[in-house]
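Participant: Next up, my_file-v1.txt (compact mmCIF, C-alpha atoms and all ligand atoms).
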# COMPACT_ATOMS: atom_id res chain seq x y z
CA MET A 1 172.46 -155.14 -59.75
CA ILE A 2 169.76 -157.16 -58.06
CA VAL A 3 168.36 -159.75 -60.47
CA ASP A 4 164.69 -160.50 -60.55
CA ALA A 5 163.68 -162.14 -63.80
CA ASP A 6 161.98 -165.08 -65.42
CA LEU A 7 162.98 -165.16 -69.08
CA ARG A 8 163.34 -167.26 -72.21
CA VAL A 9 166.33 -167.10 -74.50
CA PRO A 10 166.11 -167.27 -78.31
CA GLY A 11 166.14 -170.61 -80.13
CA ASP A 12 169.32 -172.63 -80.43
CA LYS A 13 171.50 -171.45 -83.32
CA SER A 14 173.06 -174.82 -84.12
CA ILE A 15 169.72 -176.64 -84.04
CA THR A 16 168.01 -173.93 -86.11
CA HIS A 17 170.62 -174.23 -88.91
CA ARG A 18 170.28 -178.01 -88.94
CA ALA A 19 166.48 -178.00 -88.79
CA LEU A 20 166.33 -175.55 -91.72
CA ILE A 21 168.80 -177.53 -93.84
CA LEU A 22 167.22 -180.93 -93.18
CA ALA A 23 163.72 -179.52 -93.77
CA GLY A 24 165.13 -178.08 -97.00
CA MET A 25 166.14 -181.60 -98.06
CA ALA A 26 162.68 -183.12 -97.44
CA ARG A 27 160.01 -183.39 -100.12
CA GLY A 28 157.09 -181.49 -98.56
CA THR A 29 156.50 -178.89 -95.88
CA SER A 30 158.09 -178.89 -92.43
CA ARG A 31 157.18 -176.62 -89.53
CA ILE A 32 159.87 -175.33 -87.19
CA GLY A 33 158.76 -173.74 -83.91
CA GLY A 34 160.91 -171.69 -81.54
CA ALA A 35 163.62 -171.19 -84.17
CA LEU A 36 166.28 -168.52 -83.91
CA THR A 37 165.64 -165.52 -86.17
CA SER A 38 169.07 -163.87 -85.83
CA PHE A 39 171.32 -162.75 -88.71
CA ASP A 40 173.04 -166.16 -88.83
CA ALA A 41 169.76 -168.07 -89.07
CA ARG A 42 168.68 -165.70 -91.85
CA SER A 43 171.85 -166.53 -93.75
CA THR A 44 170.97 -170.23 -93.88
CA ALA A 45 167.37 -169.41 -94.86
CA ARG A 46 168.50 -167.02 -97.61
CA VAL A 47 170.94 -169.52 -99.14
CA LEU A 48 168.34 -172.31 -99.02
CA ARG A 49 165.90 -170.07 -100.90
CA GLN A 50 168.56 -169.57 -103.59
CA LEU A 51 168.72 -173.37 -103.83
CA GLY A 52 165.01 -173.62 -104.56
CA VAL A 53 163.74 -174.25 -101.02
CA GLU A 54 160.74 -172.19 -99.92
CA VAL A 55 161.33 -170.72 -96.45
CA SER A 56 158.74 -168.46 -94.84
CA PRO A 57 159.98 -165.17 -93.32
CA LEU A 58 161.90 -165.57 -90.07
CA ALA A 59 160.06 -163.58 -87.40
CA ALA A 60 160.31 -163.98 -83.62
CA GLY A 61 157.39 -165.95 -82.19
CA ARG A 62 156.27 -167.30 -85.57
CA ASP A 63 156.79 -170.87 -86.80
CA ILE A 64 158.94 -171.21 -89.91
CA LEU A 65 157.45 -173.18 -92.79
CA VAL A 66 159.97 -174.87 -95.06
CA ARG A 67 158.99 -176.48 -98.30
CA GLY A 68 161.98 -178.58 -99.22
CA ARG A 69 163.14 -180.64 -102.16
CA PRO A 70 165.26 -183.80 -102.23
CA ARG A 71 167.58 -182.22 -104.83
CA PHE A 72 168.55 -178.57 -104.56
CA ARG A 73 168.23 -176.31 -107.61
CA ARG A 74 171.35 -174.85 -109.25
CA PRO A 75 171.67 -171.33 -107.78
CA GLY A 76 171.50 -168.33 -110.11
CA ALA A 77 173.91 -166.22 -108.02
CA ILE A 78 176.66 -166.42 -105.39
CA LEU A 79 175.51 -167.87 -102.06
CA HIS A 80 176.26 -165.30 -99.35
CA CYS A 81 176.59 -166.82 -95.89
CA GLY A 82 177.04 -163.50 -94.06
CA ASN A 83 178.91 -164.06 -90.78
CA SER A 84 177.83 -167.67 -90.42
CA GLY A 85 180.49 -170.39 -90.48
CA THR A 86 177.87 -173.03 -89.73
CA SER A 87 175.84 -172.07 -92.82
CA ALA A 88 178.91 -172.19 -95.06
CA ARG A 89 180.37 -175.44 -93.76
CA LEU A 90 177.14 -177.44 -93.45
CA LEU A 91 175.92 -176.31 -96.85
CA LEU A 92 179.27 -177.16 -98.47
CA GLY A 93 178.63 -180.70 -97.25
CA ALA A 94 175.10 -180.93 -98.65
CA LEU A 95 176.11 -179.24 -101.93
CA SER A 96 178.93 -181.74 -102.46
CA ALA A 97 176.33 -184.30 -103.52
CA HIS A 98 174.70 -182.02 -106.11
CA PRO A 99 175.81 -182.15 -109.76
CA PHE A 100 176.24 -178.41 -110.29
CA SER A 101 178.61 -175.58 -109.39
CA ALA A 102 177.83 -173.19 -106.59
CA THR A 103 180.00 -170.41 -105.16
CA LEU A 104 179.82 -169.54 -101.48
CA THR A 105 181.10 -166.37 -99.89
CA GLY A 106 180.63 -164.42 -96.68
CA ASP A 107 181.48 -161.22 -94.86
CA ALA A 108 185.10 -160.20 -94.15
CA SER A 109 185.19 -162.24 -90.92
CA LEU A 110 183.85 -165.42 -92.54
CA ARG A 111 186.16 -165.05 -95.55
CA ARG A 112 189.13 -165.25 -93.17
CA ARG A 113 188.01 -168.57 -91.66
CA PRO A 114 189.50 -171.91 -92.75
CA MET A 115 187.43 -173.97 -95.19
CA ARG A 116 190.00 -176.50 -96.41
CA ARG A 117 189.47 -178.52 -93.25
CA VAL A 118 185.96 -179.15 -94.66
CA THR A 119 186.71 -179.31 -98.37
CA ASP A 120 189.72 -181.68 -98.06
CA PRO A 121 187.62 -184.62 -96.84
CA LEU A 122 184.69 -183.67 -99.12
CA ALA A 123 187.15 -183.79 -102.04
CA LEU A 124 188.19 -187.28 -100.92
CA MET A 125 184.51 -188.20 -101.18
CA GLY A 126 184.46 -186.94 -104.80
CA ALA A 127 183.44 -183.26 -104.77
CA ARG A 128 185.63 -180.64 -106.46
CA PHE A 129 186.53 -177.24 -105.05
CA THR A 130 188.07 -174.10 -106.47
CA PHE A 131 189.42 -171.50 -104.09
CA ALA A 132 189.94 -167.87 -105.01
CA GLY A 133 192.76 -167.67 -102.44
CA ARG A 134 194.83 -170.13 -100.41
CA ASP A 135 192.03 -171.09 -98.05
CA GLY A 136 188.67 -169.64 -97.06
CA LEU A 137 185.71 -168.23 -98.96
CA PRO A 138 184.89 -167.57 -101.69
CA VAL A 139 184.97 -171.19 -102.77
CA THR A 140 183.21 -172.90 -105.64
CA VAL A 141 181.96 -176.42 -105.08
CA ARG A 142 181.17 -178.73 -107.94
CA GLY A 143 179.40 -181.71 -106.48
CA GLY A 144 178.58 -185.03 -107.99
CA HIS A 145 178.77 -188.71 -107.35
CA LEU A 146 180.24 -189.25 -103.88
CA THR A 147 181.73 -192.29 -102.21
CA GLY A 148 181.73 -193.01 -98.47
CA ILE A 149 184.58 -191.94 -96.23
CA ARG A 150 186.41 -192.95 -93.06
CA TYR A 151 188.25 -189.90 -91.80
CA GLU A 152 190.11 -188.65 -88.76
CA LEU A 153 189.20 -185.00 -88.23
CA PRO A 154 192.16 -182.69 -87.54
CA VAL A 155 190.10 -180.88 -84.86
CA SER A 156 186.99 -181.73 -82.83
CA SER A 157 184.46 -179.66 -84.76
CA ALA A 158 180.73 -180.16 -85.10
CA GLN A 159 180.67 -178.07 -88.26
CA LEU A 160 183.21 -180.31 -89.90
CA LYS A 161 181.64 -183.53 -88.63
CA SER A 162 178.19 -182.34 -89.73
CA ALA A 163 179.39 -181.27 -93.19
CA LEU A 164 180.65 -184.79 -93.86
CA ILE A 165 177.54 -186.44 -92.44
CA LEU A 166 175.26 -184.15 -94.49
CA ALA A 167 177.24 -185.07 -97.60
CA GLY A 168 176.58 -188.70 -96.62
CA VAL A 169 172.87 -187.98 -96.22
CA ALA A 170 172.57 -186.15 -99.55
CA ALA A 171 174.59 -188.77 -101.44
CA GLY A 172 173.29 -191.84 -99.57
CA VAL A 173 176.80 -193.04 -98.62
CA PRO A 174 178.32 -194.07 -95.26
CA VAL A 175 180.53 -191.69 -93.28
CA GLU A 176 182.83 -192.53 -90.38
CA VAL A 177 184.61 -189.79 -88.47
CA ARG A 178 186.83 -189.65 -85.45
CA GLU A 179 187.31 -186.54 -83.35
CA PRO A 180 190.76 -186.05 -81.83
CA GLY A 181 189.72 -184.30 -78.60
CA GLY A 182 186.48 -184.22 -76.64
CA ARG A 183 183.12 -184.66 -78.33
CA SER A 184 181.72 -181.70 -80.23
CA ARG A 185 177.99 -181.00 -80.22
CA ASP A 186 175.90 -183.91 -81.54
CA HIS A 187 172.70 -182.20 -82.74
CA THR A 188 173.12 -183.48 -86.32
CA GLU A 189 173.41 -187.06 -85.08
CA ARG A 190 170.36 -186.73 -82.83
CA MET A 191 168.21 -185.23 -85.59
CA LEU A 192 169.22 -187.85 -88.13
CA ARG A 193 168.42 -190.71 -85.77
CA ALA A 194 164.86 -189.36 -85.70
CA PHE A 195 164.79 -189.83 -89.51
CA GLY A 196 165.76 -193.49 -89.16
CA TYR A 197 169.49 -193.15 -89.80
CA GLU A 198 171.80 -195.44 -87.89
CA ILE A 199 174.47 -193.45 -86.14
CA GLU A 200 176.75 -195.36 -83.82
CA ASP A 201 179.21 -193.75 -81.47
CA ASP A 202 181.65 -196.12 -79.81
CA GLY A 203 183.37 -193.28 -77.98
CA GLU A 204 186.01 -193.14 -80.69
CA TRP A 205 184.40 -193.42 -84.13
CA ILE A 206 181.04 -191.97 -85.14
CA ARG A 207 179.53 -194.16 -87.86
CA PHE A 208 176.72 -192.88 -90.05
CA ALA A 209 174.86 -195.37 -92.28
CA PRO A 210 172.45 -194.13 -94.99
CA THR A 211 169.56 -196.17 -93.67
CA GLY A 212 166.97 -193.41 -93.20
CA ARG A 213 165.02 -190.88 -95.20
CA ILE A 214 164.51 -187.17 -94.67
CA VAL A 215 160.79 -186.45 -94.51
CA PRO A 216 158.84 -183.33 -93.49
CA VAL A 217 158.49 -182.91 -89.72
CA ALA A 218 157.21 -180.55 -87.07
CA ASN A 219 160.17 -179.52 -84.92
CA GLU A 220 160.55 -177.48 -81.76
CA VAL A 221 163.87 -175.72 -81.18
CA PRO A 222 164.98 -175.39 -77.53
CA GLY A 223 166.48 -172.19 -76.11
CA ASP A 224 170.16 -171.72 -76.92
CA PRO A 225 172.42 -172.62 -73.98
CA SER A 226 175.17 -170.47 -75.51
CA SER A 227 172.87 -167.43 -75.37
CA ALA A 228 171.61 -168.43 -71.92
CA ALA A 229 175.23 -168.52 -70.72
CA PHE A 230 175.53 -164.72 -71.02
CA LEU A 231 172.47 -164.09 -68.87
CA VAL A 232 173.64 -166.75 -66.40
CA GLY A 233 176.96 -164.91 -66.21
CA ALA A 234 175.30 -161.54 -65.56
CA ALA A 235 173.17 -163.08 -62.78
CA LEU A 236 176.26 -164.65 -61.17
CA LEU A 237 177.98 -161.25 -61.08
CA ALA A 238 174.94 -159.54 -59.54
CA GLU A 239 174.64 -158.61 -55.86
CA GLY A 240 171.43 -160.45 -55.10
CA GLY A 241 168.21 -161.92 -56.39
CA VAL A 242 167.41 -164.85 -58.64
CA LEU A 243 167.08 -165.52 -62.37
CA ARG A 244 165.04 -168.27 -64.01
CA LEU A 245 165.69 -169.08 -67.66
CA ARG A 246 163.01 -171.31 -69.16
CA GLY A 247 163.29 -173.96 -71.84
CA VAL A 248 167.08 -173.99 -72.26
CA GLY A 249 168.66 -176.79 -74.30
CA LEU A 250 170.82 -178.89 -71.98
CA ASN A 251 172.47 -181.31 -74.36
CA PRO A 252 175.59 -182.52 -72.47
CA THR A 253 177.79 -181.64 -75.49
CA ARG A 254 176.75 -178.00 -74.90
CA THR A 255 176.73 -177.66 -71.11
CA GLY A 256 180.43 -177.86 -70.36
CA PHE A 257 180.18 -174.28 -69.09
CA LEU A 258 177.81 -175.34 -66.31
CA ARG A 259 180.33 -177.93 -65.12
CA VAL A 260 183.10 -175.32 -65.12
CA LEU A 261 180.85 -172.82 -63.35
CA ALA A 262 180.10 -175.40 -60.65
CA ARG A 263 183.85 -175.70 -60.02
CA MET A 264 184.03 -171.90 -59.85
CA GLY A 265 181.48 -171.93 -57.03
CA ALA A 266 178.48 -170.79 -59.08
CA ALA A 267 175.00 -171.67 -57.97
CA VAL A 268 173.14 -172.81 -61.09
CA THR A 269 170.46 -175.46 -60.72
CA VAL A 270 168.40 -177.29 -63.34
CA GLU A 271 164.68 -177.88 -62.97
CA GLY A 272 162.05 -179.62 -65.05
CA LEU A 273 164.38 -181.59 -67.29
CA HIS A 274 162.43 -183.08 -70.21
CA ASP A 275 162.94 -184.11 -73.84
CA VAL A 276 162.13 -181.94 -76.86
CA GLY A 277 162.68 -183.64 -80.20
CA GLY A 278 165.54 -185.79 -78.88
CA GLU A 279 167.24 -182.94 -77.01
CA PRO A 280 167.24 -182.51 -73.19
CA VAL A 281 165.64 -179.22 -72.14
CA GLY A 282 165.08 -177.61 -68.73
CA ASP A 283 165.00 -174.40 -66.71
CA LEU A 284 168.15 -172.84 -65.25
CA ILE A 285 167.89 -171.13 -61.87
CA VAL A 286 170.79 -168.81 -61.09
CA ARG A 287 171.79 -166.91 -57.97
CA PRO A 288 174.78 -164.58 -57.58
CA ALA A 289 177.96 -166.25 -56.35
CA GLU A 290 181.48 -165.53 -55.16
CA LEU A 291 183.54 -167.07 -57.95
CA VAL A 292 186.87 -168.85 -57.65
CA ALA A 293 189.39 -169.57 -60.40
CA THR A 294 189.66 -172.93 -62.13
CA ASP A 295 191.69 -174.84 -64.68
CA VAL A 296 189.80 -175.74 -67.88
CA ALA A 297 191.35 -178.84 -69.49
CA ALA A 298 191.82 -179.52 -73.20
CA GLY A 299 189.21 -182.30 -73.26
CA GLU A 300 186.54 -179.92 -71.94
CA ILE A 301 186.99 -177.32 -74.69
CA PRO A 302 184.71 -178.72 -77.46
CA GLY A 303 181.81 -178.83 -74.96
CA LEU A 304 182.16 -175.13 -74.10
CA ILE A 305 183.89 -173.68 -77.16
CA ASP A 306 181.40 -170.83 -77.57
CA GLU A 307 181.31 -170.06 -73.84
CA ILE A 308 184.99 -169.21 -73.41
CA PRO A 309 184.39 -165.46 -73.96
CA LEU A 310 181.81 -165.48 -71.16
CA LEU A 311 183.84 -167.78 -68.89
CA SER A 312 186.90 -165.60 -69.32
CA VAL A 313 185.08 -162.41 -68.28
CA LEU A 314 183.73 -164.31 -65.26
CA ALA A 315 187.29 -165.49 -64.53
CA SER A 316 188.32 -161.81 -64.45
CA ARG A 317 185.96 -161.41 -61.45
CA ALA A 318 186.97 -164.68 -59.71
CA ASP A 319 189.41 -165.17 -56.89
CA GLY A 320 192.67 -166.50 -58.38
CA THR A 321 194.06 -167.29 -61.82
CA THR A 322 192.03 -169.27 -64.36
CA VAL A 323 193.72 -171.18 -67.18
CA PHE A 324 192.01 -172.35 -70.40
CA ARG A 325 194.16 -174.99 -72.10
CA GLU A 326 194.28 -175.88 -75.80
CA VAL A 327 191.99 -173.10 -76.95
CA GLY A 328 193.80 -172.47 -80.27
CA GLU A 329 190.49 -172.97 -82.15
CA LEU A 330 189.45 -169.59 -80.77
CA ARG A 331 191.86 -168.01 -83.23
CA VAL A 332 189.65 -169.07 -86.16
CA LYS A 333 186.22 -168.17 -84.80
CA GLU A 334 184.26 -165.06 -85.86
CA SER A 335 187.39 -163.14 -84.79
CA ASP A 336 190.75 -164.15 -83.33
CA ARG A 337 188.95 -164.58 -80.03
CA LEU A 338 192.04 -165.70 -78.20
CA ALA A 339 193.92 -162.48 -78.93
CA LEU A 340 190.84 -160.26 -78.55
CA LEU A 341 189.80 -161.74 -75.22
CA ALA A 342 193.26 -161.16 -73.77
CA SER A 343 193.62 -157.63 -75.16
CA ASN A 344 190.08 -156.59 -74.19
CA LEU A 345 190.41 -157.99 -70.67
CA ARG A 346 193.60 -155.98 -70.27
CA ALA A 347 191.86 -152.93 -71.76
CA VAL A 348 189.25 -153.03 -68.96
CA GLY A 349 191.90 -153.47 -66.27
CA ALA A 350 192.03 -157.25 -65.80
CA GLY A 351 195.13 -159.43 -66.07
CA ALA A 352 195.06 -161.71 -69.12
CA GLU A 353 197.58 -163.39 -71.44
CA ALA A 354 197.23 -165.51 -74.56
CA HIS A 355 200.34 -167.63 -75.05
CA GLY A 356 200.37 -170.29 -77.74
CA ASN A 357 197.12 -172.16 -77.23
CA THR A 358 196.62 -171.14 -73.59
CA LEU A 359 194.55 -168.30 -72.19
CA THR A 360 195.28 -167.16 -68.63
CA VAL A 361 192.99 -164.76 -66.77
CA VAL A 362 193.79 -163.20 -63.40
CA GLY A 363 190.75 -162.33 -61.31
CA GLY A 364 190.31 -159.04 -59.46
CA ARG A 365 187.79 -156.87 -57.63
CA ARG A 366 188.27 -153.44 -59.19
CA PRO A 367 185.29 -152.30 -61.31
CA PRO A 368 186.17 -152.93 -64.98
CA ALA A 369 186.63 -149.81 -67.09
CA GLY A 370 187.81 -149.29 -70.63
CA ARG A 371 187.01 -149.61 -74.30
CA VAL A 372 186.35 -153.01 -75.87
CA VAL A 373 187.08 -153.84 -79.51
CA THR A 374 184.64 -156.47 -80.79
CA ALA A 375 185.87 -156.81 -84.39
CA GLY A 376 182.20 -157.49 -85.12
CA ASP A 377 182.28 -160.67 -83.00
CA HIS A 378 178.91 -161.26 -81.34
CA ARG A 379 180.25 -163.29 -78.44
CA ILE A 380 182.93 -160.70 -77.60
CA ALA A 381 180.21 -158.00 -77.65
CA MET A 382 177.96 -160.01 -75.32
CA ALA A 383 180.69 -161.19 -72.92
CA PHE A 384 181.85 -157.62 -72.31
CA GLY A 385 178.24 -156.43 -72.21
CA VAL A 386 177.89 -158.80 -69.25
CA LEU A 387 181.05 -157.42 -67.63
CA GLY A 388 179.54 -153.95 -68.01
CA THR A 389 176.74 -154.90 -65.58
CA VAL A 390 179.20 -155.10 -62.65
CA ARG A 391 178.60 -152.39 -60.07
CA GLY A 392 180.70 -149.33 -60.89
CA ALA A 393 181.78 -150.68 -64.30
CA ARG A 394 182.52 -148.31 -67.19
CA VAL A 395 182.88 -150.70 -70.11
CA ARG A 396 182.34 -149.28 -73.60
CA VAL A 397 181.79 -151.90 -76.30
CA ASP A 398 182.54 -150.50 -79.77
CA ASP A 399 179.87 -152.53 -81.60
CA PRO A 400 177.14 -153.71 -79.22
CA ALA A 401 174.84 -154.46 -82.19
CA ALA A 402 177.11 -157.39 -83.17
CA ALA A 403 175.09 -159.42 -80.62
CA GLY A 404 172.34 -159.70 -83.25
CA VAL A 405 174.33 -162.40 -85.07
CA SER A 406 173.09 -164.96 -82.55
CA PHE A 407 170.97 -163.17 -79.91
CA PRO A 408 168.40 -160.64 -81.15
CA ASN A 409 167.45 -158.28 -78.31
CA PHE A 410 170.41 -159.31 -76.18
CA HIS A 411 170.73 -155.84 -74.64
CA GLU A 412 167.01 -155.73 -73.81
CA SER A 413 167.31 -159.15 -72.15
CA LEU A 414 170.30 -157.96 -70.14
CA ARG A 415 168.29 -154.95 -68.91
CA ALA A 416 165.31 -157.21 -68.19
CA LEU A 417 167.40 -159.07 -65.59
CA ARG A 418 166.62 -156.25 -63.16
CA GLY A 419 162.96 -157.17 -63.33
CA PRO A 420 159.97 -155.45 -64.89
CA GLY A 421 160.07 -151.67 -64.63
CA LYS A 422 163.51 -151.51 -62.96
CA GLY A 423 166.00 -148.84 -64.07
CA ARG A 424 169.73 -149.00 -64.57
CA LYS A 425 172.28 -150.47 -62.15
C1 LIG A 501 178.77 -174.99 -84.35
C2 LIG A 501 179.95 -175.56 -83.99
C3 LIG A 501 181.05 -174.84 -83.33
C4 LIG A 501 180.61 -173.51 -82.77
C5 LIG A 501 179.72 -172.75 -83.69
C6 LIG A 501 178.49 -173.57 -84.07
C7 LIG A 501 177.75 -175.81 -85.02
O1 LIG A 501 182.08 -174.64 -84.28
O2 LIG A 501 181.73 -172.72 -82.43
O3 LIG A 501 179.29 -171.56 -83.06
O4 LIG A 501 176.58 -175.40 -85.09
O5 LIG A 501 178.10 -176.91 -85.49
P1 LIG A 501 183.15 -175.80 -84.56
O6 LIG A 501 182.39 -177.01 -84.80
O7 LIG A 501 183.91 -175.39 -85.77
O8 LIG A 501 184.01 -175.82 -83.32
Translate the structure described by the file into C-alpha cells.

Facilitator:
Amino acid sequence: MIVDADLRVPGDKSITHRALILAGMARGTSRIGGALTSFDARSTARVLRQLGVEVSPLAAGRDILVRGRPRFRRPGAILHCGNSGTSARLLLGALSAHPFSATLTGDASLRRRPMRRVTDPLALMGARFTFAGRDGLPVTVRGGHLTGIRYELPVSSAQLKSALILAGVAAGVPVEVREPGGRSRDHTERMLRAFGYEIEDDGEWIRFAPTGRIVPVANEVPGDPSSAAFLVGAALLAEGGVLRLRGVGLNPTRTGFLRVLARMGAAVTVEGLHDVGGEPVGDLIVRPAELVATDVAAGEIPGLIDEIPLLSVLASRADGTTVFREVGELRVKESDRLALLASNLRAVGAGAEAHGNTLTVVGGRRPPAGRVVTAGDHRIAMAFGVLGTVRGARVRVDDPAAAGVSFPNFHESLRALRGPGKGRK
C-alpha cells in the first residue's frame, strides 16, 4: 500500500470516561467536545444516566452535554458496563462514597476481569462489597462514609489508581497511592488539578488532597493515541507515502509506543505540539520504515499497555526477535491478550511464544496468512486488521466489528490511508 492521508482519530477513550464521570459529579451543565462515541463511552454514559445524570446522546461530531449532580441517585436497576473495565472500576470508586447499594455487571469478557484489586482498597476506605462469585462482576457496592487511605497498588494501573482517587473526590478524603512499576496514565490527576485539587507526585507516592471542587466545565478531548497507534502501524508497514494524524493526545504516560517505535527504526515525527485542557496534543507524521526488533522492558509496560497488540504485529514484520517483558497484565485485559497474541501470530505464520509473563515475537518477511480469533477483543481485531494491510496478506479476522468498542469506523479509517478515491491494496 502507498499511504496518502491526512486524518483525525476519534476522541481519547480514557479522557472521555473521566470527563463524563467528573461532569456527572458537578452541579450544573458541562460541555464535552471531541469525545469518543464508541461502545465503551456509551457504557459510561448509560450508567451515569441510571445514576440520575443527564447525558445528551453520544454522536460523532456533536458536543456532549452533561447535567451532573453532586450526589448520584440510587439506581433502579443493575448497572451494565458492557465491555468497559474503565467504566466499572472508575464508577465503583465514585459509588463507594454513596449511601446506597448498586450492582454492576458487564458482558462475558468484563465479568471475567478482576475487580477485587479495586474493591479491596475501597473496602479499607469503608465501602462494602458483595460478590456473586470469587472475583469479578457482578458485584454490589454499598457505599457510605469513607476514610482516607495510603495504599500500595499491587499493579501499576490507572483504573485502580483512578478508582481510589475518585472515591477520595466523592467522599472528600485524602488518598495516597504508590504504583509498583512504571507510571500509568495520569489523566485523572491532570483533570483534577484543573478543579483545584492538590495532587503531588514525588516519583514514588501520588498524594491527592480534597482541596478542590468539581464544577461544570467546557472540555475538549484530544484524539486517542491508542487508536492512532493502529494507523501509525499500518503506515509504517506500507511501501511508500506519508500519513498525517491531527490532534493526537501525546501525554507522555501514553506515548511509550512512540519511544519503542523509534528504537525499531520507525520514522514518526511530532508537529505542532500544544496544550488542550492540560494534555499535550500534536500531529503525528508517519512514513514507512524498515523495522528492527527491540527489547521492551518491564518499566515501559504501563506507558504502552494498550499498544502491545499493535507493537507485537509490527514485531512480526521486523528484522530479529522482539521481547516484551513483564506483560502478565495482558492476561486480564478484554481477553487473555498474551495467549491470543501468541496464538494468532502463529496462526498467520509468524513465530511467537508467551511464556510466563514474557511475550517473544520473531520477525519475518513472508506475507501473513491465516485466521485470527479475536474473542471479541477490539485491540486484537485492530492489530490484525493492520497486519492484513501488508502486501500479499491473507488475514481473516473472525470479528472485525469488535473494533467499535474503542474506534468507531476503524476499518473505514484503515481504507482511507490509501488516500481519497483509492481502491484496495
Ligand atoms: C485505562 C487504563 C488501562 C488501559 C485501559 C484504560 C484507563 O488499564 O488498559 O484500556 O482509562 O484508566 P489498567 O489501568 O488496568 O492497566

Participant: Taking all atoms listed in the file into account, which of A:Pro121, A:Gly247, A:Gly256, A:Gly34 comes nearest Gly272 in chain A?

Facilitator: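 The closest residue to Gly272 in chain A is A:Gly247.
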
Participant: Could you list, as a PDB file with C-alpha atoms, in the frame of the given file, all protein and nucleic acid residues with an atom at most 10 Å from ligand LIG 501 (chain A), counting all atoms listed in the file?

Facilitator:
ATOM      1  CA  ASP A  12     169.320-172.630 -80.430  1.00  0.00           C
ATOM      2  CA  LYS A  13     171.500-171.450 -83.320  1.00  0.00           C
ATOM      3  CA  SER A  14     173.060-174.820 -84.120  1.00  0.00           C
ATOM      4  CA  ILE A  15     169.720-176.640 -84.040  1.00  0.00           C
ATOM      5  CA  THR A  16     168.010-173.930 -86.110  1.00  0.00           C
ATOM      6  CA  HIS A  17     170.620-174.230 -88.910  1.00  0.00           C
ATOM      7  CA  ARG A  18     170.280-178.010 -88.940  1.00  0.00           C
ATOM      8  CA  SER A  84     177.830-167.670 -90.420  1.00  0.00           C
ATOM      9  CA  GLY A  85     180.490-170.390 -90.480  1.00  0.00           C
ATOM     10  CA  THR A  86     177.870-173.030 -89.730  1.00  0.00           C
ATOM     11  CA  SER A  87     175.840-172.070 -92.820  1.00  0.00           C
ATOM     12  CA  ARG A  89     180.370-175.440 -93.760  1.00  0.00           C
ATOM     13  CA  LEU A  90     177.140-177.440 -93.450  1.00  0.00           C
ATOM     14  CA  ARG A 113     188.010-168.570 -91.660  1.00  0.00           C
ATOM     15  CA  PRO A 114     189.500-171.910 -92.750  1.00  0.00           C
ATOM     16  CA  ARG A 117     189.470-178.520 -93.250  1.00  0.00           C
ATOM     17  CA  VAL A 118     185.960-179.150 -94.660  1.00  0.00           C
ATOM     18  CA  VAL A 155     190.100-180.880 -84.860  1.00  0.00           C
ATOM     19  CA  SER A 156     186.990-181.730 -82.830  1.00  0.00           C
ATOM     20  CA  SER A 157     184.460-179.660 -84.760  1.00  0.00           C
ATOM     21  CA  ALA A 158     180.730-180.160 -85.100  1.00  0.00           C
ATOM     22  CA  GLN A 159     180.670-178.070 -88.260  1.00  0.00           C
ATOM     23  CA  LEU A 160     183.210-180.310 -89.900  1.00  0.00           C
ATOM     24  CA  LYS A 161     181.640-183.530 -88.630  1.00  0.00           C
ATOM     25  CA  SER A 162     178.190-182.340 -89.730  1.00  0.00           C
ATOM     26  CA  ALA A 163     179.390-181.270 -93.190  1.00  0.00           C
ATOM     27  CA  SER A 184     181.720-181.700 -80.230  1.00  0.00           C
ATOM     28  CA  ARG A 185     177.990-181.000 -80.220  1.00  0.00           C
ATOM     29  CA  ASP A 186     175.900-183.910 -81.540  1.00  0.00           C
ATOM     30  CA  HIS A 187     172.700-182.200 -82.740  1.00  0.00           C
ATOM     31  CA  THR A 188     173.120-183.480 -86.320  1.00  0.00           C
ATOM     32  CA  SER A 226     175.170-170.470 -75.510  1.00  0.00           C
ATOM     33  CA  ARG A 254     176.750-178.000 -74.900  1.00  0.00           C
ATOM     34  CA  ILE A 301     186.990-177.320 -74.690  1.00  0.00           C
ATOM     35  CA  PRO A 302     184.710-178.720 -77.460  1.00  0.00           C
ATOM     36  CA  GLY A 303     181.810-178.830 -74.960  1.00  0.00           C
ATOM     37  CA  LEU A 304     182.160-175.130 -74.100  1.00  0.00           C
ATOM     38  CA  ILE A 305     183.890-173.680 -77.160  1.00  0.00           C
ATOM     39  CA  ASP A 306     181.400-170.830 -77.570  1.00  0.00           C
ATOM     40  CA  GLU A 307     181.310-170.060 -73.840  1.00  0.00           C
ATOM     41  CA  GLU A 329     190.490-172.970 -82.150  1.00  0.00           C
ATOM     42  CA  LEU A 330     189.450-169.590 -80.770  1.00  0.00           C
ATOM     43  CA  VAL A 332     189.650-169.070 -86.160  1.00  0.00           C
ATOM     44  CA  LYS A 333     186.220-168.170 -84.800  1.00  0.00           C
ATOM     45  CA  GLU A 334     184.260-165.060 -85.860  1.00  0.00           C
ATOM     46  CA  ARG A 379     180.250-163.290 -78.440  1.00  0.00           C
ATOM     47  CA  SER A 406     173.090-164.960 -82.550  1.00  0.00           C
TER      48      SER A 406
END

Participant: Tell me, as number ranges by chain, which residues lie within 9 Å of range 20-26 of chain A, counting only C-alpha atoms; anything in the same chain fewer than 6 positions away does not count.

Facilitator: A: 32, 41, 44-45, 48-49, 52-55, 64-72, 87, 90-91, 94, 166, 170, 191-192, 213-217

Participant: Using all atoms listed in the file, can you tell me which of A:Pro225, A:Gly172, A:Gly196, A:Pro309 comes closest to Leu341 in chain A?

Facilitator: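 For Leu341 in chain A, the nearest of the given residues is A:Pro309.
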
Participant: Applying 7 Å and all atoms listed in the file, which residues near Ala297 in chain A remain after dropping the ones on its own chain fewer than 2 positions away? List them as number ranges by chain.

Facilitator: A: 295, 299-301, 324-325

Participant: Which of these, A:Thr211, A:Thr322, A:Ser38, A:Ser227, has the shortest distance to Met264 in chain A once you count all atoms listed in the file?

Facilitator: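 Counting all atoms listed in the file, the residue closest to Met264 in chain A is A:Thr322.
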
Participant: Could you give me, as a PyMOL selection string, the residues within 12 Å of range 135-141 of chain A, counting all atoms listed in the file and dropping anything in the same chain fewer than 4 positions from it?

Facilitator: chain A and resi 74-75+77-85+88-89+91-120+122-123+126-131+332

Participant: Please provide the set of residues having any atom within 9 Å of Gly370 in chain A, restricted to all atoms listed in the file, with same-chain residues fewer than 4 positions apart removed, written as number ranges by chain.

Facilitator: A: 344, 346-349, 393-397
